[in-house]
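As provided, work-v9.txt (compact mmCIF, C-alpha atoms) reads as follows.
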# COMPACT_ATOMS: atom_id res chain seq x y z
CA MET A 1 -14.93 -34.72 1.60
CA PHE A 2 -11.74 -36.38 2.76
CA LEU A 3 -13.03 -36.72 6.31
CA MET A 4 -16.41 -37.95 5.16
CA GLU A 5 -14.92 -40.60 2.88
CA PHE A 6 -12.45 -41.63 5.57
CA SER A 7 -15.33 -41.96 8.02
CA VAL A 8 -17.03 -44.37 5.61
CA VAL A 9 -13.89 -46.53 5.53
CA LEU A 10 -13.55 -46.54 9.32
CA LEU A 11 -17.26 -47.23 9.84
CA ALA A 12 -17.15 -50.17 7.44
CA MET A 13 -14.13 -51.59 9.30
CA PHE A 14 -15.77 -51.17 12.70
CA ILE A 15 -19.00 -52.77 11.54
CA GLY A 16 -17.04 -55.60 9.97
CA ALA A 17 -15.07 -56.14 13.18
CA ARG A 18 -18.31 -56.10 15.17
CA PHE A 19 -19.76 -59.10 13.32
CA GLY A 20 -16.38 -60.67 12.53
CA GLY A 21 -15.49 -63.52 10.21
CA ILE A 22 -16.46 -63.35 6.58
CA PHE A 23 -18.58 -60.26 7.29
CA LEU A 24 -15.37 -58.20 7.22
CA GLY A 25 -15.24 -58.71 3.47
CA MET A 26 -18.94 -57.95 3.08
CA ALA A 27 -18.53 -54.72 5.05
CA GLY A 28 -15.66 -53.75 2.76
CA GLY A 29 -17.93 -54.31 -0.23
CA MET A 30 -20.54 -52.03 1.35
CA GLY A 31 -17.83 -49.42 1.84
CA VAL A 32 -16.92 -49.58 -1.85
CA ALA A 33 -20.61 -49.19 -2.70
CA VAL A 34 -20.96 -46.05 -0.59
CA LEU A 35 -17.73 -44.56 -1.96
CA ALA A 36 -18.75 -45.26 -5.57
CA PHE A 37 -22.48 -44.50 -5.51
CA GLY A 38 -22.47 -41.93 -2.73
CA PHE A 39 -19.24 -40.02 -3.36
CA GLY A 40 -18.58 -40.79 -7.01
CA LEU A 41 -15.19 -42.43 -6.48
CA THR A 42 -13.93 -44.77 -9.17
CA PRO A 43 -13.30 -48.22 -7.67
CA THR A 44 -9.80 -49.52 -8.21
CA SER A 45 -9.17 -53.07 -9.37
CA PRO A 46 -9.81 -55.71 -6.69
CA PRO A 47 -6.62 -57.29 -5.26
CA ILE A 48 -6.87 -60.35 -7.49
CA ASP A 49 -3.21 -61.36 -7.24
CA VAL A 50 -3.27 -61.35 -3.43
CA MET A 51 -6.46 -63.39 -3.38
CA LEU A 52 -5.13 -65.97 -5.82
CA ILE A 53 -1.85 -66.36 -3.92
CA ILE A 54 -3.77 -67.01 -0.73
CA MET A 55 -6.01 -69.56 -2.44
CA ALA A 56 -3.04 -71.38 -3.99
CA VAL A 57 -1.28 -71.65 -0.62
CA VAL A 58 -4.52 -72.56 1.16
CA VAL A 59 -5.21 -75.35 -1.33
CA ALA A 60 -1.72 -76.75 -0.74
CA ALA A 61 -2.04 -76.52 3.06
CA SER A 62 -5.54 -78.04 2.92
CA THR A 63 -4.25 -80.93 0.80
CA LEU A 64 -1.48 -81.43 3.35
CA GLN A 65 -4.14 -81.59 6.07
CA ALA A 66 -6.29 -84.04 4.13
CA ALA A 67 -3.27 -86.28 3.55
CA GLY A 68 -2.60 -86.47 7.28
CA GLY A 69 0.53 -84.35 7.07
CA MET A 70 -0.79 -81.72 9.47
CA ASP A 71 -1.50 -84.35 12.13
CA TYR A 72 2.00 -85.73 11.63
CA LEU A 73 3.51 -82.28 12.22
CA VAL A 74 1.39 -81.86 15.35
CA GLN A 75 2.73 -85.18 16.65
CA ILE A 76 6.29 -83.98 16.12
CA ALA A 77 5.47 -80.70 17.89
CA GLU A 78 3.94 -82.50 20.86
CA LYS A 79 6.98 -84.73 21.24
CA LEU A 80 9.25 -81.69 21.29
CA LEU A 81 7.11 -79.96 23.90
CA ARG A 82 6.84 -83.00 26.16
CA ARG A 83 10.58 -83.52 26.12
CA ASN A 84 11.13 -79.97 27.41
CA PRO A 85 7.96 -79.03 29.34
CA GLU A 86 9.76 -76.64 31.69
CA HIS A 87 10.82 -74.53 28.69
CA ILE A 88 7.44 -74.57 26.96
CA THR A 89 7.04 -70.76 27.05
CA PHE A 90 10.19 -70.41 24.96
CA LEU A 91 9.82 -73.52 22.82
CA ALA A 92 6.12 -73.31 21.88
CA PRO A 93 6.25 -69.90 20.12
CA PHE A 94 9.09 -71.01 17.86
CA ILE A 95 7.18 -74.17 16.96
CA ALA A 96 4.14 -72.02 16.13
CA TYR A 97 6.41 -69.73 14.11
CA ALA A 98 7.80 -72.70 12.16
CA PHE A 99 4.30 -73.99 11.37
CA THR A 100 3.27 -70.64 9.89
CA PHE A 101 6.60 -70.04 8.17
CA CYS A 102 6.35 -73.35 6.34
CA SER A 103 2.64 -73.16 5.50
CA GLY A 104 2.13 -69.47 4.71
CA THR A 105 -0.95 -69.15 6.91
CA GLY A 106 -1.33 -68.48 10.61
CA ASN A 107 -4.44 -70.62 10.76
CA VAL A 108 -2.29 -73.70 11.36
CA ALA A 109 -1.94 -72.47 14.95
CA TYR A 110 -5.34 -74.05 15.65
CA SER A 111 -3.66 -77.45 15.40
CA ILE A 112 -1.08 -76.92 18.11
CA LEU A 113 -2.83 -74.59 20.59
CA PRO A 114 -4.67 -77.48 22.32
CA VAL A 115 -1.37 -79.33 22.64
CA ILE A 116 0.36 -76.28 24.13
CA ALA A 117 -2.49 -75.75 26.61
CA GLU A 118 -2.49 -79.34 27.85
CA VAL A 119 1.29 -79.79 28.05
CA ALA A 120 1.57 -76.53 30.00
CA ARG A 121 -1.12 -77.61 32.49
CA GLU A 122 0.42 -81.05 32.91
CA SER A 123 3.77 -79.41 33.65
CA GLY A 124 2.33 -76.95 36.15
CA VAL A 125 3.10 -74.00 33.87
CA ARG A 126 0.53 -71.23 33.62
CA PRO A 127 -0.95 -71.88 30.11
CA GLU A 128 -1.42 -68.16 29.51
CA ARG A 129 2.34 -67.81 29.16
CA PRO A 130 3.05 -70.13 26.21
CA ILE A 131 -0.38 -69.64 24.59
CA SER A 132 -0.17 -65.84 24.45
CA ILE A 133 3.27 -65.63 22.87
CA SER A 134 2.62 -68.63 20.58
CA VAL A 135 -0.41 -66.91 19.03
CA ILE A 136 1.70 -63.78 18.53
CA ALA A 137 4.53 -65.80 16.99
CA SER A 138 2.21 -67.65 14.62
CA GLN A 139 1.32 -64.33 12.98
CA GLN A 140 4.75 -62.70 13.18
CA ALA A 141 5.95 -65.46 10.88
CA ILE A 142 3.59 -64.19 8.16
CA THR A 143 5.82 -61.19 7.48
CA ALA A 144 8.89 -63.45 7.23
CA CYS A 145 7.34 -66.31 5.25
CA PRO A 146 8.33 -66.43 1.56
CA ILE A 147 4.98 -67.89 0.47
CA SER A 148 2.60 -65.72 2.50
CA ALA A 149 0.33 -63.36 0.61
CA ALA A 150 1.59 -60.38 2.63
CA THR A 151 5.24 -61.01 1.78
CA VAL A 152 4.57 -61.63 -1.89
CA THR A 153 2.40 -58.50 -2.06
CA LEU A 154 5.23 -56.43 -0.60
CA LEU A 155 7.70 -58.04 -2.99
CA GLY A 156 5.51 -57.17 -5.96
CA LEU A 157 5.28 -53.55 -4.87
CA LEU A 158 8.99 -53.13 -4.16
CA ALA A 159 10.42 -55.19 -7.04
CA PRO A 160 10.64 -52.11 -9.32
CA PHE A 161 13.05 -50.64 -6.75
CA GLY A 162 15.43 -53.61 -6.98
CA ILE A 163 14.15 -55.38 -3.87
CA THR A 164 14.25 -59.19 -3.95
CA LEU A 165 12.69 -61.87 -1.77
CA VAL A 166 16.09 -62.37 -0.15
CA ASP A 167 16.17 -58.70 0.92
CA ILE A 168 12.84 -59.07 2.70
CA MET A 169 13.69 -62.39 4.33
CA MET A 170 17.14 -61.39 5.59
CA ILE A 171 15.55 -58.47 7.46
CA CYS A 172 12.24 -59.89 8.59
CA ILE A 173 13.33 -63.39 9.66
CA PRO A 174 16.02 -62.39 12.19
CA ALA A 175 14.03 -59.35 13.36
CA SER A 176 10.93 -61.42 14.06
CA LEU A 177 12.82 -64.27 15.75
CA LEU A 178 14.69 -61.91 18.08
CA ALA A 179 11.46 -60.07 18.85
CA ILE A 180 9.63 -63.31 19.67
CA PHE A 181 12.39 -64.25 22.11
CA LEU A 182 11.89 -60.94 23.93
CA GLY A 183 8.14 -61.46 23.91
CA ALA A 184 8.61 -64.96 25.34
CA PHE A 185 10.93 -63.61 28.03
CA TYR A 186 8.15 -61.26 29.16
CA ALA A 187 5.43 -63.91 28.82
CA ASN A 188 7.42 -66.28 31.01
CA LYS A 189 6.87 -63.87 33.93
CA MET A 190 3.18 -63.18 33.30
CA GLY A 191 0.65 -63.74 36.06
CA LYS A 192 0.78 -65.87 39.16
CA LYS A 193 1.97 -69.43 39.23
CA LEU A 194 -0.75 -71.77 38.01
CA GLU A 195 -1.44 -73.32 41.43
CA LEU A 196 -1.92 -69.83 42.93
CA ASP A 197 -4.29 -68.47 40.30
CA GLU A 198 -7.74 -67.76 41.78
CA GLU A 199 -9.66 -68.55 38.60
CA TYR A 200 -7.86 -71.85 38.20
CA GLN A 201 -8.55 -72.76 41.84
CA ARG A 202 -12.23 -71.91 41.41
CA ARG A 203 -12.56 -74.12 38.36
CA VAL A 204 -10.84 -76.98 40.15
CA ARG A 205 -13.16 -76.64 43.18
CA GLU A 206 -16.26 -76.59 40.97
CA GLY A 207 -15.10 -79.55 38.92
CA LEU A 208 -14.99 -77.51 35.71
CA ILE A 209 -11.55 -78.77 34.74
CA PRO A 210 -11.22 -82.41 33.68
CA SER A 211 -8.48 -84.50 35.20
CA LEU A 212 -5.13 -84.55 33.46
CA LYS A 213 -4.91 -86.98 30.60
CA LYS A 214 -2.03 -89.19 29.81
CA LYS A 215 0.01 -88.55 26.72
CA THR A 216 -2.17 -88.50 23.63
CA GLU A 217 -2.04 -91.74 21.71
CA TYR A 218 -1.72 -91.07 17.99
CA ALA A 219 -2.06 -93.59 15.23
CA PRO A 220 1.33 -94.22 13.59
CA PRO A 221 1.82 -91.72 10.73
CA THR A 222 1.32 -93.22 7.31
CA LYS A 223 3.95 -93.02 4.62
CA GLU A 224 1.51 -90.83 2.67
CA ALA A 225 1.37 -88.35 5.57
CA LYS A 226 5.15 -88.17 5.71
CA LEU A 227 5.37 -87.82 1.94
CA SER A 228 2.82 -84.98 1.95
CA VAL A 229 4.94 -83.03 4.44
CA ALA A 230 8.04 -83.55 2.30
CA LEU A 231 6.21 -82.41 -0.84
CA PHE A 232 4.76 -79.35 0.84
CA LEU A 233 8.14 -78.29 2.20
CA LEU A 234 9.66 -78.93 -1.22
CA GLY A 235 7.13 -76.52 -2.71
CA ALA A 236 8.09 -73.86 -0.15
CA LEU A 237 11.78 -74.43 -0.93
CA ILE A 238 11.16 -74.06 -4.66
CA VAL A 239 9.44 -70.72 -4.02
CA VAL A 240 12.45 -69.53 -2.02
CA LEU A 241 14.81 -70.61 -4.81
CA PHE A 242 12.71 -68.81 -7.41
CA GLY A 243 12.80 -65.65 -5.31
CA THR A 244 16.51 -65.94 -4.60
CA PHE A 245 17.64 -66.85 -8.11
CA PRO A 246 15.41 -65.16 -10.72
CA GLU A 247 17.38 -66.89 -13.48
CA LEU A 248 15.65 -70.14 -12.51
CA ARG A 249 12.37 -68.70 -13.73
CA PRO A 250 11.63 -68.90 -17.48
CA VAL A 251 11.80 -65.70 -19.52
CA LEU A 252 8.35 -65.00 -20.94
CA ASN A 253 6.62 -62.39 -23.04
CA TYR A 254 4.67 -59.98 -20.84
CA SER A 255 2.84 -57.50 -23.08
CA GLY A 256 5.66 -57.42 -25.59
CA LYS A 257 8.40 -57.27 -22.96
CA TYR A 258 10.46 -60.36 -22.24
CA THR A 259 11.13 -60.85 -18.54
CA ALA A 260 11.35 -63.64 -15.97
CA LEU A 261 8.14 -65.25 -14.79
CA ASN A 262 6.90 -62.95 -12.03
CA MET A 263 6.90 -64.22 -8.46
CA THR A 264 3.14 -64.05 -8.08
CA HIS A 265 2.66 -66.52 -10.93
CA ALA A 266 5.64 -68.60 -9.75
CA ILE A 267 4.10 -69.09 -6.30
CA GLU A 268 0.65 -69.87 -7.66
CA ILE A 269 2.00 -72.38 -10.17
CA THR A 270 4.29 -74.05 -7.62
CA MET A 271 1.71 -74.45 -4.86
CA LEU A 272 -1.05 -75.69 -7.17
CA THR A 273 1.36 -78.14 -8.77
CA MET A 274 2.52 -79.49 -5.41
CA SER A 275 -1.12 -79.84 -4.38
CA ALA A 276 -1.82 -81.94 -7.45
CA ILE A 277 1.24 -84.11 -6.85
CA MET A 278 0.16 -84.67 -3.22
CA VAL A 279 -3.31 -85.77 -4.36
CA ILE A 280 -1.82 -88.24 -6.84
CA LEU A 281 1.03 -89.68 -4.80
CA CYS A 282 -0.57 -89.52 -1.35
CA LYS A 283 -3.97 -90.81 -2.51
CA VAL A 284 -5.86 -87.85 -1.05
CA ASP A 285 -9.65 -87.77 -1.09
CA VAL A 286 -10.27 -84.42 -2.82
CA ASN A 287 -13.56 -83.98 -0.96
CA LYS A 288 -11.66 -83.87 2.32
CA ILE A 289 -9.61 -80.95 1.03
CA ILE A 290 -12.55 -78.56 0.94
CA ASP A 291 -14.06 -79.95 4.13
CA GLY A 292 -10.98 -79.24 6.23
CA SER A 293 -10.63 -76.38 8.71
CA VAL A 294 -7.65 -74.88 6.85
CA PHE A 295 -9.59 -74.54 3.60
CA LYS A 296 -12.60 -72.97 5.32
CA SER A 297 -10.49 -70.47 7.26
CA GLY A 298 -8.43 -69.61 4.20
CA SER A 299 -11.49 -69.07 2.03
CA MET A 300 -12.90 -66.73 4.64
CA GLY A 301 -9.64 -64.79 4.58
CA VAL A 302 -9.85 -64.36 0.81
CA ILE A 303 -13.32 -62.80 1.05
CA CYS A 304 -12.17 -60.49 3.84
CA ILE A 305 -9.23 -59.27 1.78
CA PHE A 306 -11.45 -58.92 -1.29
CA GLY A 307 -13.71 -56.36 0.35
CA LEU A 308 -11.38 -54.60 2.78
CA ALA A 309 -8.36 -54.17 0.51
CA TRP A 310 -10.61 -53.06 -2.36
CA MET A 311 -12.22 -50.42 -0.17
CA GLY A 312 -8.87 -49.19 1.15
CA ASP A 313 -7.38 -49.05 -2.33
CA THR A 314 -10.33 -47.07 -3.66
CA PHE A 315 -10.13 -44.50 -0.88
CA VAL A 316 -6.34 -44.05 -0.95
CA ALA A 317 -6.23 -43.76 -4.75
CA SER A 318 -8.84 -41.02 -4.75
CA GLN A 319 -7.24 -39.04 -1.91
CA MET A 320 -3.57 -39.61 -2.71
CA ASP A 321 -2.77 -35.93 -3.32
CA ALA A 322 -4.42 -34.78 -0.10
CA ILE A 323 -2.70 -37.47 1.94
CA LYS A 324 0.70 -36.68 0.45
CA GLN A 325 0.37 -32.99 1.20
CA SER A 326 -0.63 -33.57 4.82
CA VAL A 327 1.86 -36.23 5.93
CA GLN A 328 4.70 -36.30 3.41
CA ASP A 329 7.04 -34.04 5.41
CA ILE A 330 6.45 -35.91 8.67
CA VAL A 331 6.93 -39.35 7.13
CA ALA A 332 10.05 -38.28 5.25
CA THR A 333 11.82 -37.33 8.51
CA GLN A 334 10.10 -39.79 10.86
CA PRO A 335 9.33 -42.99 8.88
CA TRP A 336 8.30 -44.81 12.07
CA VAL A 337 5.09 -42.75 11.90
CA PHE A 338 4.13 -44.85 8.88
CA ALA A 339 4.61 -47.95 11.02
CA ILE A 340 1.91 -46.61 13.36
CA ALA A 341 -0.45 -46.24 10.40
CA LEU A 342 0.23 -49.83 9.32
CA PHE A 343 -0.37 -51.09 12.84
CA ALA A 344 -3.59 -49.11 13.26
CA VAL A 345 -5.09 -50.33 10.00
CA SER A 346 -4.09 -53.94 10.69
CA THR A 347 -5.97 -53.87 14.01
CA LEU A 348 -9.14 -53.31 12.00
CA THR A 349 -8.55 -55.34 8.84
CA LEU A 350 -7.13 -58.32 10.79
CA SER A 351 -5.12 -59.17 7.69
CA GLN A 352 -1.45 -58.55 7.00
CA ALA A 353 -1.97 -58.96 3.26
CA ALA A 354 -4.93 -56.57 3.14
CA THR A 355 -3.04 -53.95 5.15
CA THR A 356 0.04 -54.32 2.97
CA ARG A 357 -1.99 -54.05 -0.22
CA ALA A 358 -3.89 -51.00 1.03
CA LEU A 359 -1.11 -48.89 2.59
CA MET A 360 2.27 -49.83 1.11
CA PRO A 361 1.47 -48.10 -2.21
CA LEU A 362 0.87 -44.97 -0.12
CA GLY A 363 4.28 -45.38 1.50
CA ILE A 364 5.86 -45.65 -1.93
CA ALA A 365 3.98 -42.55 -3.12
CA LEU A 366 5.17 -40.64 -0.05
CA GLY A 367 8.75 -41.33 -1.07
CA ILE A 368 9.67 -43.66 1.79
CA PRO A 369 12.76 -45.67 0.71
CA ALA A 370 12.10 -49.32 -0.08
CA PRO A 371 14.42 -50.65 2.69
CA ILE A 372 12.52 -48.57 5.26
CA LEU A 373 9.25 -50.07 4.02
CA ILE A 374 10.74 -53.53 4.60
CA ALA A 375 11.74 -52.51 8.12
CA VAL A 376 8.24 -51.27 9.02
CA PHE A 377 6.61 -54.30 7.38
CA PRO A 378 6.28 -56.24 10.70
CA SER A 379 3.97 -53.45 11.91
CA VAL A 380 1.10 -55.03 9.95
CA ASN A 381 0.83 -57.67 12.71
CA GLY A 382 -1.56 -55.63 14.86
CA TYR A 383 -4.38 -58.19 14.71
CA PHE A 384 -4.05 -58.96 18.46
CA PHE A 385 -4.86 -55.43 19.69
CA PHE A 386 -8.60 -56.01 19.84
CA PRO A 387 -9.27 -59.55 21.15
CA ASN A 388 -11.59 -60.58 18.32
CA TYR A 389 -9.19 -62.42 15.99
CA ALA A 390 -9.87 -66.12 15.50
CA THR A 391 -6.63 -67.53 16.91
CA VAL A 392 -6.76 -65.06 19.80
CA ILE A 393 -10.21 -66.34 20.75
CA ALA A 394 -9.14 -69.95 20.14
CA GLY A 395 -6.24 -69.59 22.56
CA ILE A 396 -8.65 -68.46 25.28
CA ALA A 397 -11.04 -71.31 24.52
CA PHE A 398 -8.35 -74.01 24.59
CA ASP A 399 -7.00 -72.86 27.96
CA ARG A 400 -9.38 -74.67 30.29
CA THR A 401 -7.60 -73.30 33.36
CA GLY A 402 -8.96 -69.81 32.62
CA THR A 403 -5.56 -68.11 32.84
CA THR A 404 -5.69 -66.88 29.21
CA ARG A 405 -8.40 -64.26 29.34
CA ILE A 406 -9.89 -60.94 28.27
CA GLY A 407 -9.78 -58.43 31.13
CA ARG A 408 -12.53 -56.24 32.49
CA PHE A 409 -11.45 -53.35 30.26
CA VAL A 410 -11.24 -55.55 27.12
CA LEU A 411 -7.84 -54.25 26.02
CA ASN A 412 -6.09 -55.60 29.13
CA HIS A 413 -6.12 -59.11 27.71
CA SER A 414 -3.46 -61.81 27.82
CA TYR A 415 -2.03 -61.03 24.38
CA MET A 416 -1.58 -57.27 24.69
CA MET A 417 1.86 -56.94 26.32
CA PRO A 418 3.52 -59.90 24.54
CA GLY A 419 2.12 -58.55 21.27
CA LEU A 420 3.24 -54.96 21.81
CA ILE A 421 6.70 -56.00 23.00
CA THR A 422 7.14 -58.30 20.01
CA ILE A 423 5.93 -55.86 17.37
CA ILE A 424 7.88 -52.87 18.73
CA SER A 425 11.09 -54.84 19.13
CA SER A 426 10.71 -56.39 15.65
CA LEU A 427 10.46 -52.88 14.22
CA VAL A 428 13.57 -51.76 16.12
CA PHE A 429 15.55 -54.84 15.09
CA ALA A 430 14.48 -54.45 11.45
CA LEU A 431 15.57 -50.80 11.36
CA LEU A 432 18.93 -51.77 12.85
CA LEU A 433 19.36 -54.61 10.36
CA ILE A 434 18.79 -52.46 7.28
CA LYS A 435 21.53 -50.17 8.53
CA LEU A 436 23.79 -53.12 9.36
CA PHE A 437 23.37 -54.55 5.87
CA GLY A 438 23.91 -51.16 4.28
CA LEU A 439 20.49 -50.95 2.66
CA VAL A 440 20.08 -47.32 3.75

I'd like the structure from this file rewritten - as structure tokens, please.
Amino acid sequence: MFLMEFSVVLLAMFIGARFGGIFLGMAGGMGVAVLAFGFGLTPTSPPIDVMLIIMAVVVAASTLQAAGGMDYLVQIAEKLLRRNPEHITFLAPFIAYAFTFCSGTGNVAYSILPVIAEVARESGVRPERPISISVIASQQAITACPISAATVTLLGLLAPFGITLVDIMMICIPASLLAIFLGAFYANKMGKKLELDEEYQRRVREGLIPSLKKKTEYAPPTKEAKLSVALFLLGALIVVLFGTFPELRPVLNYSGKYTALNMTHAIEITMLTMSAIMVILCKVDVNKIIDGSVFKSGSMGVICIFGLAWMGDTFVASQMDAIKQSVQDIVATQPWVFAIALFAVSTLTLSQAATTRALMPLGIALGIPAPILIAVFPSVNGYFFFPNYATVIAGIAFDRTGTTRIGRFVLNHSYMMPGLITIISSLVFALLLIKLFGLV
């Protein structure tokens, strides 16, 4: 029965990945249906908290976009890249990281990928190099960001063990930044020089590549756009302060027990409040909020997590005893094995939050220490393995030189080696950091 039920979960993930997009969530719902009606499993509660955190952050980021704040940030990013074009492979990924870290969603990478592609081509740098590692960096920041759904989900699961937001950030931020540098070092050597690339030469000969454009002329940023950026960053700072100093949160009555406002509610309240303030002070047209690309991508992510995480939760809860008996001894002595499981599931769910919500409770049940679970947390960034993730595809589309590509064997694509180097090194750095800080 275990194998049959597990096959249902895998089949639903594969079918979801085949159609992509919002269908991932639908496929998860079908999986829950088969498990409940076909195998008699009791569905667990849907991951409501994760979904609501994502929506609160998405609403704030979408309001920022509607206010012109996202365009203003892109202008700043372009100026930085154009001032140092020869170092774009090292500079671009950290800009992409900063965008995600501040916004809580990797979808903001769409805004800067075209800029990275064009600046690289203008500078004679093979665009594959900065694009590949920038896409990787934009998602690595998810597991370091204090307002991302994945981080808050992990915090909620580990809070009973005395883990705070600061504990997660002081491990994941330096580990991810060091890992991205190593990934960028490799990416900087990828492929031939742009002028020697056969595909690029072919496109030039056939007139498929437009002539280089001069520097993009942007309209001067409005004061409302600048204010929206300041308000959004203020919201992120407030979240960090709430996580760092629990005494700043009011003590409330939770089912007869008085305790500080939990972080899930704190994030939701903060981000929705900052969204409302942005609308009022920045004179945002609320209709533009739901029409923006950030809102649409974020809403799709919520549906995906709804179905996939619900299906994974239902299966794991029903088979917890069997799983513990089969892998508990291995995981207890070799916790990195659990990192492989996180990576494998994330390649199918394409969601750090969904993977965290589905598998971290299993890690807790297996007796893996909380600091070790923090260290393996970056392993949920396996979305790049199969080249069907949205930003992965977008990076290929924006590179008009054809250097960013999917190889003949599918898995030999531009993102594979930078992604593997980054995720493995982030895991190694995180394990070293928890020992350095005396958490284990």

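Comparing A:Ser134, A:Gln319, A:Thr273, A:Thr244 by their smallest distance to Met169 (chain A), the closest is A:Thr244 (using all atoms listed in the file).
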
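Interatomic distance, CA of Leu342 (chain A) to CA of Ile267 (chain A): 25.1 Å.
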
**Prompt:** Taking into account all atoms listed in the file, which residue in the set A:Met13, A:Leu3, A:Val59, A:Ile340 is nearest to Gly292 (chain A)?
**Reply:** A:Val59

**Atomic separation - CA of Ala120 (chain A) relative to CA of Phe386 (chain A), Å** = 25.1 Å

**Request:** Please determine the residues with any atom at most 12 Å from (17.9, -58.8, 5.5) (coordinates as given in the file, with only C-alpha atoms counting) and report them as a ChimeraX atom specification.
**Result:** /A:144,163-176,371-372,374-375,429-440

**Prompt:** Which residue, A:Phe94, A:Gly243, A:Asp285, A:Ile131, has the smallest gap to Leu178 (chain A) when you use all atoms listed in the file?
**Reply:** A:Phe94

**Counting all atoms listed in the file, the residue of A:Ala260, A:Ala358, A:Ala67, A:Leu24 that sits nearest Ala341 (chain A)** = A:Ala358

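The residue that comes closest to Ala98 (chain A), out of A:Val58, A:Arg18, A:Leu177, A:Tyr186 and on the basis of all atoms listed in the file, is A:Leu177.
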
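The shortest atom-to-atom distance to Val294 (chain A), with only C-alpha atoms taken into account, belongs to A:Ala66 out of A:Ile423, A:Ala66, A:Ala137, A:Val380.
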
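From CA of Ala117 (chain A) back to CA of Ile406 (chain A), the distance works out to 16.6 Å.
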
**Message:** I'd like the neighbourhood of region 187-195 of chain A as a list in words, where a residue qualifies if any of its atoms comes within 8 Å (using all atoms listed in the file), though same-chain residues fewer than 4 positions away should be ignored.
**Reply:** Thr89, Phe90, Gly124, Val125, Arg126, Pro127, Glu128, Arg129, Pro130, Ser132, Ile133, Gly183, Tyr200, Gln201, Thr403 and Pro418 of chain A

Long-range neighbours of Ala56 (chain A) as a CSV table (one decimal) with C-alpha atoms, in the frame of the given file, 6 Å cut-off, only C-alpha atoms, 6 positions minimum in chain:
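Written out: around16.csv:
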chain,number,residue,atom,x,y,z
A,268,GLU,CA,0.6,-69.9,-7.7
A,271,MET,CA,1.7,-74.4,-4.9
A,272,LEU,CA,-1.0,-75.7,-7.2

Any idea what's packed within 12 Å of Ile393 (chain A), counting only C-alpha atoms, ignoring anything in its chain fewer than 5 positions away? Could you give it as a compact mmCIF listing (two decimals) with C-alpha atoms, keeping the file's coordinate frame?
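selection16.txt written:
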# COMPACT_ATOMS: atom_id res chain seq x y z
CA GLY A 20 -16.38 -60.67 12.53
CA ALA A 109 -1.94 -72.47 14.95
CA TYR A 110 -5.34 -74.05 15.65
CA LEU A 113 -2.83 -74.59 20.59
CA ILE A 131 -0.38 -69.64 24.59
CA SER A 132 -0.17 -65.84 24.45
CA VAL A 135 -0.41 -66.91 19.03
CA TYR A 383 -4.38 -58.19 14.71
CA PHE A 384 -4.05 -58.96 18.46
CA PHE A 386 -8.60 -56.01 19.84
CA PRO A 387 -9.27 -59.55 21.15
CA ASN A 388 -11.59 -60.58 18.32
CA PHE A 398 -8.35 -74.01 24.59
CA ASP A 399 -7.00 -72.86 27.96
CA THR A 404 -5.69 -66.88 29.21
CA ARG A 405 -8.40 -64.26 29.34
CA ILE A 406 -9.89 -60.94 28.27
CA HIS A 413 -6.12 -59.11 27.71
CA SER A 414 -3.46 -61.81 27.82
CA TYR A 415 -2.03 -61.03 24.38

If you take every atom of region 117-130 of chain A that the file lists and fit an axis-aligned box around them with 6 Å extra on each side, what centre and edge lengths come out in Å to one decimal, as AutoDock Vina command-line options?
--center_x 0.6 --center_y -74.4 --center_z 31.2 --size_x 18.3 --size_y 25.2 --size_z 21.9

**Request:** Might you pull out every residue within 10 Å of Glu247 (chain A), with all atoms listed in the file counted and same-chain residues fewer than 5 positions away left off, and present them as a PyMOL selection string?
**Result:** chain A and resi 241-242+260-261

Is it possible to get the residues within 10 Å of (-8.5, -66.4, 4.4) (coordinates as in the file, counting only C-alpha atoms) written as a PDB file with C-alpha atoms, in the frame of the given file?
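As written to disk, out-v2.pdb reads:
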ATOM      1  CA  GLY A  21     -15.490 -63.520  10.210  1.00  0.00           C
ATOM      2  CA  ILE A  22     -16.460 -63.350   6.580  1.00  0.00           C
ATOM      3  CA  MET A  51      -6.460 -63.390  -3.380  1.00  0.00           C
ATOM      4  CA  ILE A  54      -3.770 -67.010  -0.730  1.00  0.00           C
ATOM      5  CA  MET A  55      -6.010 -69.560  -2.440  1.00  0.00           C
ATOM      6  CA  VAL A  58      -4.520 -72.560   1.160  1.00  0.00           C
ATOM      7  CA  THR A 105      -0.950 -69.150   6.910  1.00  0.00           C
ATOM      8  CA  GLY A 106      -1.330 -68.480  10.610  1.00  0.00           C
ATOM      9  CA  ASN A 107      -4.440 -70.620  10.760  1.00  0.00           C
ATOM     10  CA  VAL A 294      -7.650 -74.880   6.850  1.00  0.00           C
ATOM     11  CA  PHE A 295      -9.590 -74.540   3.600  1.00  0.00           C
ATOM     12  CA  LYS A 296     -12.600 -72.970   5.320  1.00  0.00           C
ATOM     13  CA  SER A 297     -10.490 -70.470   7.260  1.00  0.00           C
ATOM     14  CA  GLY A 298      -8.430 -69.610   4.200  1.00  0.00           C
ATOM     15  CA  SER A 299     -11.490 -69.070   2.030  1.00  0.00           C
ATOM     16  CA  MET A 300     -12.900 -66.730   4.640  1.00  0.00           C
ATOM     17  CA  GLY A 301      -9.640 -64.790   4.580  1.00  0.00           C
ATOM     18  CA  VAL A 302      -9.850 -64.360   0.810  1.00  0.00           C
ATOM     19  CA  ILE A 303     -13.320 -62.800   1.050  1.00  0.00           C
ATOM     20  CA  CYS A 304     -12.170 -60.490   3.840  1.00  0.00           C
ATOM     21  CA  ILE A 305      -9.230 -59.270   1.780  1.00  0.00           C
ATOM     22  CA  PHE A 306     -11.450 -58.920  -1.290  1.00  0.00           C
ATOM     23  CA  SER A 351      -5.120 -59.170   7.690  1.00  0.00           C
ATOM     24  CA  ALA A 353      -1.970 -58.960   3.260  1.00  0.00           C
TER      25      ALA A 353
END
